[in-house]
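Undergrad: Structure supplied as input_31.cif; contents: mmCIF, C-alpha atoms and all ligand atoms.
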data_protein
loop_
_atom_site.label_atom_id
_atom_site.label_comp_id
_atom_site.auth_asym_id
_atom_site.auth_seq_id
_atom_site.Cartn_x
_atom_site.Cartn_y
_atom_site.Cartn_z
CA MET A 260 16.86 12.39 15.96
CA ALA A 261 17.69 15.67 17.70
CA TYR A 262 13.95 16.52 17.61
CA THR A 263 12.73 13.18 18.89
CA ASP A 264 15.49 12.98 21.53
CA SER A 265 14.67 16.47 22.82
CA LEU A 266 10.95 15.67 22.99
CA HIS A 267 11.56 12.30 24.65
CA ASP A 268 13.94 13.91 27.17
CA ALA A 269 11.04 16.25 28.02
CA GLY A 270 8.79 13.27 28.80
CA LEU A 271 6.87 13.13 25.52
CA LEU A 272 6.36 10.27 23.09
CA PRO A 273 7.27 11.73 19.68
CA LEU A 274 5.59 10.31 16.58
CA ILE A 275 6.78 11.36 13.12
CA LEU A 276 4.21 12.08 10.42
CA PRO A 277 5.08 11.39 6.78
CA VAL A 278 4.02 13.87 4.10
CA LEU A 279 0.35 13.08 3.43
CA PRO A 280 -2.38 14.68 1.33
CA PRO A 281 -3.53 17.90 3.05
CA GLU A 282 -7.04 16.54 3.57
CA SER A 283 -5.52 14.01 6.01
CA ALA A 284 -4.10 16.71 8.30
CA ALA A 285 -6.94 16.82 10.84
CA VAL A 286 -7.20 13.05 11.18
CA ALA A 287 -3.39 12.79 11.40
CA LEU A 288 -3.56 14.89 14.58
CA ASN A 289 -6.33 12.81 16.07
CA GLY A 290 -5.00 11.63 19.44
CA ALA A 291 -1.98 13.92 19.40
CA SER A 292 -1.48 16.24 22.36
CA GLY A 293 0.72 18.72 20.50
CA LEU A 294 2.34 19.55 17.16
CA VAL A 295 6.01 20.25 16.43
CA LEU A 296 6.80 21.84 13.06
CA THR A 297 10.41 21.04 12.16
CA GLY A 298 13.15 22.56 10.02
CA GLY A 299 13.69 21.91 6.32
CA GLU A 300 13.27 23.35 2.87
CA ASP A 301 12.24 26.87 1.89
CA LEU A 302 8.53 27.50 1.45
CA ASP A 303 7.34 28.10 -2.09
CA PRO A 304 6.86 31.92 -2.22
CA SER A 305 3.60 31.44 -4.11
CA ARG A 306 2.15 30.43 -0.70
CA TYR A 307 2.59 34.06 0.33
CA ARG A 308 1.78 35.62 -3.04
CA GLN A 309 5.38 36.35 -4.16
CA ARG A 310 7.55 35.27 -7.07
CA ALA A 311 10.69 33.27 -6.34
CA ILE A 312 13.97 35.21 -6.38
CA SER A 313 17.10 33.47 -7.67
CA ALA A 314 18.52 32.85 -4.18
CA LEU A 315 15.52 30.77 -3.14
CA GLY A 316 16.51 27.29 -1.98
CA ASP A 317 14.83 23.94 -2.60
CA VAL A 318 11.08 23.75 -2.07
CA HIS A 319 8.83 20.76 -1.37
CA GLU A 320 5.28 21.29 -2.60
CA GLY A 321 3.69 18.29 -0.90
CA ARG A 322 5.28 19.12 2.43
CA ASP A 323 4.17 22.76 2.18
CA LEU A 324 0.57 21.80 1.48
CA PHE A 325 0.35 19.18 4.23
CA GLU A 326 2.06 21.26 6.91
CA LEU A 327 0.03 24.39 6.11
CA GLU A 328 -3.08 22.31 6.69
CA LEU A 329 -1.61 20.86 9.91
CA VAL A 330 -1.42 24.41 11.30
CA HIS A 331 -5.09 25.01 10.52
CA ALA A 332 -6.04 21.66 12.04
CA ALA A 333 -4.00 22.37 15.20
CA ARG A 334 -5.71 25.75 15.46
CA GLN A 335 -9.14 24.15 15.23
CA LEU A 336 -8.22 21.48 17.76
CA GLY A 337 -6.50 23.98 20.07
CA LEU A 338 -3.33 21.84 20.08
CA PRO A 339 -0.15 23.40 21.46
CA VAL A 340 2.34 24.11 18.67
CA LEU A 341 6.12 24.40 18.83
CA ALA A 342 7.42 25.68 15.48
CA ILE A 343 11.15 25.46 14.73
CA CYS A 344 13.11 27.17 11.90
CA ARG A 345 11.16 26.27 8.73
CA GLY A 346 8.35 25.67 11.23
CA ILE A 347 8.17 29.31 12.39
CA GLN A 348 8.21 30.39 8.73
CA LEU A 349 5.49 27.92 7.81
CA LEU A 350 3.42 28.98 10.82
CA ASN A 351 3.61 32.63 9.75
CA VAL A 352 2.68 31.84 6.15
CA ALA A 353 -0.17 29.51 7.18
CA LEU A 354 -1.71 32.35 9.18
CA GLY A 355 -1.26 34.94 6.41
CA GLY A 356 2.25 36.38 6.84
CA THR A 357 5.19 36.66 4.42
CA LEU A 358 8.89 35.76 4.42
CA VAL A 359 12.24 37.27 3.52
CA GLN A 360 13.25 34.82 0.77
CA ASP A 361 17.00 35.26 1.27
CA ILE A 362 18.52 37.32 4.08
CA PRO A 363 21.93 38.04 2.44
CA SER A 364 20.38 39.43 -0.75
CA GLN A 365 17.37 41.17 0.80
CA TRP A 366 18.79 42.29 4.19
CA PRO A 367 22.44 43.07 3.32
CA HIS A 368 23.16 44.57 6.74
CA ALA A 369 22.07 41.49 8.65
CA ILE A 370 24.52 39.57 10.80
CA ALA A 371 25.48 36.01 9.78
CA HIS A 372 22.49 33.69 10.31
CA ASP A 373 23.78 30.70 8.37
CA GLY A 374 26.94 28.71 7.91
CA ALA A 375 28.21 28.18 11.46
CA PRO A 376 30.60 25.22 11.65
CA ALA A 377 28.68 23.17 14.23
CA ARG A 378 24.98 22.55 14.92
CA ASP A 379 25.40 23.52 18.57
CA ASP A 380 27.42 26.68 17.89
CA ARG A 381 25.59 29.52 19.67
CA SER A 382 26.58 32.00 17.00
CA HIS A 383 24.42 35.04 17.83
CA GLU A 384 22.52 36.65 20.66
CA ILE A 385 18.75 37.12 20.87
CA ARG A 386 16.59 39.18 23.17
CA ALA A 387 13.15 37.98 24.19
CA ASP A 388 10.59 40.52 25.40
CA THR A 389 10.12 40.77 29.16
CA GLY A 390 7.09 38.80 30.29
CA SER A 391 6.51 37.19 26.90
CA ARG A 392 5.41 33.57 26.79
CA LEU A 393 8.71 32.81 25.07
CA ALA A 394 10.87 34.51 27.72
CA VAL A 395 8.95 32.70 30.46
CA ALA A 396 9.37 29.36 28.67
CA LEU A 397 13.11 29.93 28.13
CA GLY A 398 13.64 31.29 31.62
CA ALA A 399 15.73 34.09 30.11
CA GLU A 400 15.48 37.29 28.09
CA ARG A 401 19.04 37.41 26.73
CA LEU A 402 20.62 34.26 25.40
CA ARG A 403 22.77 32.96 22.59
CA VAL A 404 21.33 30.63 19.97
CA ASN A 405 22.50 28.65 16.97
CA SER A 406 21.45 29.89 13.53
CA PHE A 407 20.99 27.94 10.30
CA HIS A 408 18.55 29.94 8.19
CA HIS A 409 18.84 32.09 5.09
CA GLN A 410 15.15 33.04 5.25
CA ALA A 411 13.25 34.94 7.94
CA LEU A 412 9.81 36.26 8.83
CA ASP A 413 8.87 39.49 7.06
CA ALA A 414 5.25 40.69 7.44
CA LEU A 415 3.76 39.04 10.52
CA ALA A 416 0.51 37.14 10.30
CA ASP A 417 -2.47 38.63 12.09
CA GLY A 418 -2.51 37.10 15.57
CA LEU A 419 1.21 36.44 15.82
CA VAL A 420 3.45 38.68 17.91
CA ALA A 421 7.24 38.84 17.47
CA THR A 422 8.69 38.47 20.97
CA ALA A 423 12.35 37.74 20.21
CA HIS A 424 14.83 39.42 17.84
CA ALA A 425 18.46 39.13 16.80
CA PRO A 426 20.63 42.26 17.18
CA ASP A 427 20.01 43.12 13.49
CA GLY A 428 16.23 43.06 13.92
CA ILE A 429 15.62 39.65 12.36
CA ILE A 430 12.67 37.96 14.06
CA GLU A 431 13.85 34.99 16.13
CA GLY A 432 10.66 34.18 18.07
CA VAL A 433 6.89 34.56 17.81
CA GLU A 434 3.86 33.62 19.85
CA TRP A 435 0.09 33.71 19.51
CA ARG A 436 -1.44 36.94 20.78
CA ASP A 437 -4.18 35.41 22.91
CA GLU A 438 -4.38 32.87 25.71
CA ASP A 439 -6.68 30.58 23.73
CA TRP A 440 -3.88 28.89 21.75
CA TRP A 441 -0.39 27.98 23.00
CA VAL A 442 1.95 28.62 20.08
CA LEU A 443 5.67 29.33 20.21
CA GLY A 444 7.85 29.68 17.13
CA VAL A 445 11.63 29.99 17.17
CA GLN A 446 13.98 30.64 14.27
CA TRP A 447 16.90 28.78 15.83
CA HIS A 448 17.29 25.03 16.45
CA PRO A 449 16.68 24.31 20.16
CA GLU A 450 16.68 20.57 19.44
CA GLU A 451 20.43 20.82 18.72
CA LEU A 452 21.01 22.62 22.04
CA SER A 453 18.76 20.78 24.50
CA ARG A 454 21.61 18.66 25.86
CA THR A 455 24.08 21.54 26.26
CA ASP A 456 24.94 23.01 29.67
CA ALA A 457 22.72 26.08 29.28
CA PRO A 458 19.15 25.34 30.44
CA TRP A 459 17.15 27.53 27.99
CA ASP A 460 16.46 25.04 25.22
CA ARG A 461 15.57 22.19 27.61
CA ALA A 462 13.23 24.64 29.32
CA LEU A 463 11.53 25.40 26.00
CA PHE A 464 10.81 21.72 25.37
CA ALA A 465 9.70 21.32 28.99
CA ALA A 466 7.21 24.19 28.55
CA PHE A 467 5.82 22.53 25.42
CA ALA A 468 5.61 19.17 27.22
CA ASP A 469 3.76 20.82 30.08
CA GLN A 470 1.18 22.17 27.64
CA CYS A 471 0.83 18.75 26.01
CA SER A 472 0.23 17.06 29.36
CA ARG A 473 -2.43 19.63 30.29
CA ARG A 474 -4.08 18.85 27.00
CA GLN A 475 -3.94 15.11 27.75
CA ARG A 476 -5.49 15.58 31.17
CA ALA A 477 -8.18 17.73 29.64
CA SER A 478 -8.99 15.17 27.01
CA VAL A 479 -9.24 12.39 29.62
CA VAL A 480 -11.68 14.46 31.67
CA THR A 481 -13.96 15.49 28.82
MN MN A 501 19.38 33.57 13.43
#
Please re-express this file's structure in structure tokens.
Ligand code: MN
TA:
Amino acid sequence: MAYTDSLHDAGLLPLILPVLPPESAAVALNGASGLVLTGGEDLDPSRYRQRAISALGDVHEGRDLFELELVHAARQLGLPVLAICRGIQLLNVALGGTLVQDIPSQWPHAIAHDGAPARDDRSHEIRADTGSRLAVALGAERLRVNSFHHQALDALADGLVATAHAPDGIIEGVEWRDEDWWVLGVQWHPEELSRTDAPWDRALFAAFADQCSRRQRASVVT
């Protein structure tokens, strides 16, 4: 409900898609004004041409296949995309990038990115690049975020730019390189923070809602 509450607070009407066959992705987005990719299981490393290491978590084949196709459909439709946690990872893999399968075993010098006691615990800092779409959406370049991920982005997909990082270099935010597609991905969980005192996470949902409403106006006109 944190996702749907955050979206509704931003003035949107959230609709939840079940896992469907990938060939239904384009029609599932018919009438939608935006796409949110949510948190969840690890992606199957075969999606990015790697073998699973032992620290890999649970995977969900049907969800992988459907959501990968949702990204391609959103790209074709030009739908704004907000990708959260698993979502940023899925976005990167859908567009050709790879993942760190397990931060503690593959990046031993990383700070703690998982295991905070509360969902709204802003456990580490991030820095967003000056002038980036993400920094503009957040209204800040330095902020603290929550962190519940043991995976991270590794090689970036062509077209994605990393515009926010944790102090250890882990990618915490990405965006699409060009103006033709509004895409923001974040590794933290803004939906758990949108009702806290700090304005950044509400501002992120508001920026997404603004893009969705532009899209709606455009579709009414055309
Ligand atoms: Mn983190």
Undergrad: Find the spatial neighbours of stretch 434-442 of chain A, counting all atoms listed in the file, within a cut-off of 8 Å - ignore same-chain residues fewer than 3 positions away - and output them as JSON, numbers by chain.
TA: {"A": [334, 337, 338, 339, 340, 341, 342, 392, 393, 418, 419, 420, 421, 422, 470]}
Undergrad: Enter the distance from atom CA of A:Trp447 to atom CA of A:Ile275, in Å, rounded to one decimal.
TA: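 Between atom CA of A:Trp447 and atom CA of A:Ile275 the gap works out to 20.3 Å.
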Undergrad: List as JSON lines every residue of chain A that is in contact with ligand MN 501 (chain A), defined as an atom at most 9 Å from one of its atoms (using all atoms listed in the file), together with the nearest atom pair and the distance in Å rounded to one decimal, sorted by chain and then rising number.
TA:
{"residue": "A:Ile370", "atom": "CA", "partner": "A:MN501", "partner_atom": "MN", "distance": 8.3}
{"residue": "A:Ala371", "atom": "CA", "partner": "A:MN501", "partner_atom": "MN", "distance": 7.5}
{"residue": "A:His372", "atom": "CA", "partner": "A:MN501", "partner_atom": "MN", "distance": 4.4}
{"residue": "A:Asp373", "atom": "CA", "partner": "A:MN501", "partner_atom": "MN", "distance": 7.3}
{"residue": "A:Ser382", "atom": "CA", "partner": "A:MN501", "partner_atom": "MN", "distance": 8.2}
{"residue": "A:His383", "atom": "CA", "partner": "A:MN501", "partner_atom": "MN", "distance": 6.9}
{"residue": "A:Glu384", "atom": "CA", "partner": "A:MN501", "partner_atom": "MN", "distance": 8.5}
{"residue": "A:Ile385", "atom": "CA", "partner": "A:MN501", "partner_atom": "MN", "distance": 8.3}
{"residue": "A:Val404", "atom": "CA", "partner": "A:MN501", "partner_atom": "MN", "distance": 7.4}
{"residue": "A:Asn405", "atom": "CA", "partner": "A:MN501", "partner_atom": "MN", "distance": 6.8}
{"residue": "A:Ser406", "atom": "CA", "partner": "A:MN501", "partner_atom": "MN", "distance": 4.2}
{"residue": "A:Phe407", "atom": "CA", "partner": "A:MN501", "partner_atom": "MN", "distance": 6.6}
{"residue": "A:His408", "atom": "CA", "partner": "A:MN501", "partner_atom": "MN", "distance": 6.4}
{"residue": "A:His409", "atom": "CA", "partner": "A:MN501", "partner_atom": "MN", "distance": 8.5}
{"residue": "A:Ala411", "atom": "CA", "partner": "A:MN501", "partner_atom": "MN", "distance": 8.3}
{"residue": "A:His424", "atom": "CA", "partner": "A:MN501", "partner_atom": "MN", "distance": 8.6}
{"residue": "A:Ala425", "atom": "CA", "partner": "A:MN501", "partner_atom": "MN", "distance": 6.6}
{"residue": "A:Ile429", "atom": "CA", "partner": "A:MN501", "partner_atom": "MN", "distance": 7.2}
{"residue": "A:Ile430", "atom": "CA", "partner": "A:MN501", "partner_atom": "MN", "distance": 8.0}
{"residue": "A:Glu431", "atom": "CA", "partner": "A:MN501", "partner_atom": "MN", "distance": 6.3}
{"residue": "A:Gln446", "atom": "CA", "partner": "A:MN501", "partner_atom": "MN", "distance": 6.2}
{"residue": "A:Trp447", "atom": "CA", "partner": "A:MN501", "partner_atom": "MN", "distance": 5.9}
Undergrad: Quote the spacing between atom CA of A:Ile343 and atom CA of A:Met260 in Å to one decimal place.
TA: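 Distance reported for this atom pair: 14.3 Å.
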Undergrad: Extract, using only C-alpha atoms, all DNA, RNA and protein residues at most 12 Å from A:Arg461, discarding same-chain residues fewer than 3 positions from it, and format them as a list in words.
TA: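 In the requested format, the answer is Tyr262, Asp264, Ser265, Leu266, His267, Asp268, Ala269, Gly270, Ala396, Leu397, Gly398, His448, Pro449, Glu450, Glu451, Leu452, Ser453, Arg454, Thr455, Asp456, Ala457, Pro458, Phe464, Ala465, Ala466, Phe467 and Ala468 of chain A.
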Undergrad: So that I can see what lies close to A:Arg306, please list as a list in words the residues with an atom at most 12 Å from it, counting all atoms listed in the file and leaving out residues fewer than 2 positions away in the same chain.
TA: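 With the cut-off at 12 Å, the set is Asp301, Leu302, Asp303, Pro304, Arg308, Gln309, Arg310, Ala311, Val318, His319, Glu320, Asp323, Leu324, Glu326, Leu327, Gln348, Leu349, Leu350, Asn351, Val352, Ala353, Leu354, Gly355, Gly356, Thr357 and Leu358 of chain A.
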Undergrad: If you take every atom of stretch 393-409 of chain A that the file lists and fit an axis-aligned box around them with 5 Å extra on each side, what centre and edge lengths come out in Å to one decimal, as AutoDock Vina command-line options?
TA:
--center_x 15.7 --center_y 32.7 --center_z 18.4 --size_x 24.1 --size_y 19.5 --size_z 36.5
Undergrad: For atom CA of A:Pro363 and atom CA of A:Asp317, determine how far apart the two atoms are, in Å to one decimal place.
TA: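 A separation of 16.6 Å between them.
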Undergrad: Measuring between only C-alpha atoms, which one of A:Gly293, A:Ser391, A:Gln365, A:Ala375 shows the shortest distance to A:Gln475?
TA: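 Of A:Gly293, A:Ser391, A:Gln365, A:Ala375, the one nearest A:Gln475, counting only C-alpha atoms, is A:Gly293.
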Undergrad: So which one's closest to A:Ser305, A:Leu271, A:Gln360, A:Leu463, A:Ala399? Using all atoms listed in the file, please.
TA: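 Counting all atoms listed in the file, the residue closest to A:Ser305 is A:Gln360.
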Undergrad: Measuring between all atoms listed in the file, which one of A:Ala416, A:Arg345, A:Trp459, A:Val359 shows the shortest distance to A:Glu400?
TA: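 Checking each candidate against A:Glu400, we get A:Trp459 as the closest.
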Undergrad: Ranking A:Ser292, A:Gln410, A:Ser283, A:Thr297 by minimum distance to A:Glu328 and counting only C-alpha atoms, which one comes first?
TA: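 For A:Glu328, the nearest of the given residues is A:Ser283.
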Undergrad: Please write stretch 305-335 of chain A of the preceding block to a file containing N, CA and C atoms, as a PDB file, in the first residue's frame?
TA:
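Saved result, result-v7.pdb, follows:
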ATOM      1  N   SER A 305      20.377 -15.055 -15.492  1.00  0.00           N
ATOM      2  CA  SER A 305      20.422 -15.448 -16.903  1.00  0.00           C
ATOM      3  C   SER A 305      19.868 -14.333 -17.791  1.00  0.00           C
ATOM      4  N   ARG A 306      19.069 -13.438 -17.216  1.00  0.00           N
ATOM      5  CA  ARG A 306      18.542 -12.291 -18.010  1.00  0.00           C
ATOM      6  C   ARG A 306      19.664 -11.351 -18.415  1.00  0.00           C
ATOM      7  N   TYR A 307      20.773 -11.376 -17.653  1.00  0.00           N
ATOM      8  CA  TYR A 307      21.915 -10.549 -18.057  1.00  0.00           C
ATOM      9  C   TYR A 307      23.163 -11.413 -18.274  1.00  0.00           C
ATOM     10  N   ARG A 308      22.914 -12.637 -18.736  1.00  0.00           N
ATOM     11  CA  ARG A 308      23.975 -13.509 -19.252  1.00  0.00           C
ATOM     12  C   ARG A 308      25.017 -13.850 -18.180  1.00  0.00           C
ATOM     13  N   GLN A 309      24.551 -14.060 -16.926  1.00  0.00           N
ATOM     14  CA  GLN A 309      25.456 -14.521 -15.866  1.00  0.00           C
ATOM     15  C   GLN A 309      24.876 -15.761 -15.201  1.00  0.00           C
ATOM     16  N   ARG A 310      25.770 -16.507 -14.533  1.00  0.00           N
ATOM     17  CA  ARG A 310      25.331 -17.633 -13.709  1.00  0.00           C
ATOM     18  C   ARG A 310      25.054 -17.134 -12.303  1.00  0.00           C
ATOM     19  N   ALA A 311      24.086 -17.771 -11.636  1.00  0.00           N
ATOM     20  CA  ALA A 311      23.734 -17.392 -10.273  1.00  0.00           C
ATOM     21  C   ALA A 311      24.882 -17.727  -9.322  1.00  0.00           C
ATOM     22  N   ILE A 312      25.210 -16.776  -8.415  1.00  0.00           N
ATOM     23  CA  ILE A 312      26.123 -17.092  -7.323  1.00  0.00           C
ATOM     24  C   ILE A 312      25.275 -17.575  -6.130  1.00  0.00           C
ATOM     25  N   SER A 313      25.949 -18.131  -5.116  1.00  0.00           N
ATOM     26  CA  SER A 313      25.185 -18.778  -4.037  1.00  0.00           C
ATOM     27  C   SER A 313      24.376 -17.779  -3.215  1.00  0.00           C
ATOM     28  N   ALA A 314      24.796 -16.513  -3.191  1.00  0.00           N
ATOM     29  CA  ALA A 314      24.099 -15.516  -2.369  1.00  0.00           C
ATOM     30  C   ALA A 314      22.891 -14.898  -3.072  1.00  0.00           C
ATOM     31  N   LEU A 315      22.605 -15.376  -4.276  1.00  0.00           N
ATOM     32  CA  LEU A 315      21.418 -14.868  -4.974  1.00  0.00           C
ATOM     33  C   LEU A 315      20.165 -15.190  -4.160  1.00  0.00           C
ATOM     34  N   GLY A 316      19.226 -14.253  -4.138  1.00  0.00           N
ATOM     35  CA  GLY A 316      17.969 -14.473  -3.429  1.00  0.00           C
ATOM     36  C   GLY A 316      16.942 -15.151  -4.314  1.00  0.00           C
ATOM     37  N   ASP A 317      15.680 -15.131  -3.863  1.00  0.00           N
ATOM     38  CA  ASP A 317      14.591 -15.737  -4.637  1.00  0.00           C
ATOM     39  C   ASP A 317      14.404 -15.010  -5.963  1.00  0.00           C
ATOM     40  N   VAL A 318      14.046 -15.771  -6.985  1.00  0.00           N
ATOM     41  CA  VAL A 318      13.723 -15.180  -8.283  1.00  0.00           C
ATOM     42  C   VAL A 318      12.295 -15.577  -8.661  1.00  0.00           C
ATOM     43  N   HIS A 319      11.731 -14.849  -9.616  1.00  0.00           N
ATOM     44  CA  HIS A 319      10.343 -15.074 -10.036  1.00  0.00           C
ATOM     45  C   HIS A 319      10.315 -14.958 -11.559  1.00  0.00           C
ATOM     46  N   GLU A 320      10.374 -16.094 -12.222  1.00  0.00           N
ATOM     47  CA  GLU A 320      10.558 -16.095 -13.679  1.00  0.00           C
ATOM     48  C   GLU A 320       9.439 -15.358 -14.406  1.00  0.00           C
ATOM     49  N   GLY A 321       8.198 -15.650 -14.033  1.00  0.00           N
ATOM     50  CA  GLY A 321       7.075 -15.023 -14.728  1.00  0.00           C
ATOM     51  C   GLY A 321       7.068 -13.515 -14.568  1.00  0.00           C
ATOM     52  N   ARG A 322       7.408 -13.072 -13.355  1.00  0.00           N
ATOM     53  CA  ARG A 322       7.457 -11.623 -13.106  1.00  0.00           C
ATOM     54  C   ARG A 322       8.578 -10.973 -13.909  1.00  0.00           C
ATOM     55  N   ASP A 323       9.748 -11.617 -13.935  1.00  0.00           N
ATOM     56  CA  ASP A 323      10.857 -11.094 -14.754  1.00  0.00           C
ATOM     57  C   ASP A 323      10.404 -10.892 -16.192  1.00  0.00           C
ATOM     58  N   LEU A 324       9.828 -11.946 -16.771  1.00  0.00           N
ATOM     59  CA  LEU A 324       9.513 -11.911 -18.202  1.00  0.00           C
ATOM     60  C   LEU A 324       8.474 -10.842 -18.514  1.00  0.00           C
ATOM     61  N   PHE A 325       7.441 -10.743 -17.652  1.00  0.00           N
ATOM     62  CA  PHE A 325       6.390  -9.755 -17.892  1.00  0.00           C
ATOM     63  C   PHE A 325       6.918  -8.335 -17.726  1.00  0.00           C
ATOM     64  N   GLU A 326       7.675  -8.101 -16.647  1.00  0.00           N
ATOM     65  CA  GLU A 326       8.129  -6.734 -16.378  1.00  0.00           C
ATOM     66  C   GLU A 326       9.191  -6.282 -17.387  1.00  0.00           C
ATOM     67  N   LEU A 327      10.039  -7.205 -17.836  1.00  0.00           N
ATOM     68  CA  LEU A 327      11.009  -6.830 -18.876  1.00  0.00           C
ATOM     69  C   LEU A 327      10.269  -6.341 -20.116  1.00  0.00           C
ATOM     70  N   GLU A 328       9.182  -7.017 -20.443  1.00  0.00           N
ATOM     71  CA  GLU A 328       8.404  -6.628 -21.616  1.00  0.00           C
ATOM     72  C   GLU A 328       7.643  -5.322 -21.360  1.00  0.00           C
ATOM     73  N   LEU A 329       7.220  -5.089 -20.118  1.00  0.00           N
ATOM     74  CA  LEU A 329       6.579  -3.808 -19.788  1.00  0.00           C
ATOM     75  C   LEU A 329       7.515  -2.629 -20.068  1.00  0.00           C
ATOM     76  N   VAL A 330       8.799  -2.804 -19.782  1.00  0.00           N
ATOM     77  CA  VAL A 330       9.760  -1.724 -20.050  1.00  0.00           C
ATOM     78  C   VAL A 330       9.814  -1.439 -21.544  1.00  0.00           C
ATOM     79  N   HIS A 331       9.865  -2.501 -22.351  1.00  0.00           N
ATOM     80  CA  HIS A 331       9.932  -2.293 -23.807  1.00  0.00           C
ATOM     81  C   HIS A 331       8.649  -1.639 -24.318  1.00  0.00           C
ATOM     82  N   ALA A 332       7.521  -2.062 -23.751  1.00  0.00           N
ATOM     83  CA  ALA A 332       6.239  -1.472 -24.173  1.00  0.00           C
ATOM     84  C   ALA A 332       6.174  -0.002 -23.771  1.00  0.00           C
ATOM     85  N   ALA A 333       6.620   0.325 -22.557  1.00  0.00           N
ATOM     86  CA  ALA A 333       6.610   1.721 -22.103  1.00  0.00           C
ATOM     87  C   ALA A 333       7.525   2.573 -22.987  1.00  0.00           C
ATOM     88  N   ARG A 334       8.634   1.994 -23.387  1.00  0.00           N
ATOM     89  CA  ARG A 334       9.564   2.706 -24.275  1.00  0.00           C
ATOM     90  C   ARG A 334       8.877   3.027 -25.609  1.00  0.00           C
ATOM     91  N   GLN A 335       8.211   2.026 -26.155  1.00  0.00           N
ATOM     92  CA  GLN A 335       7.538   2.217 -27.445  1.00  0.00           C
ATOM     93  C   GLN A 335       6.413   3.238 -27.343  1.00  0.00           C
TER      94      GLN A 335
END
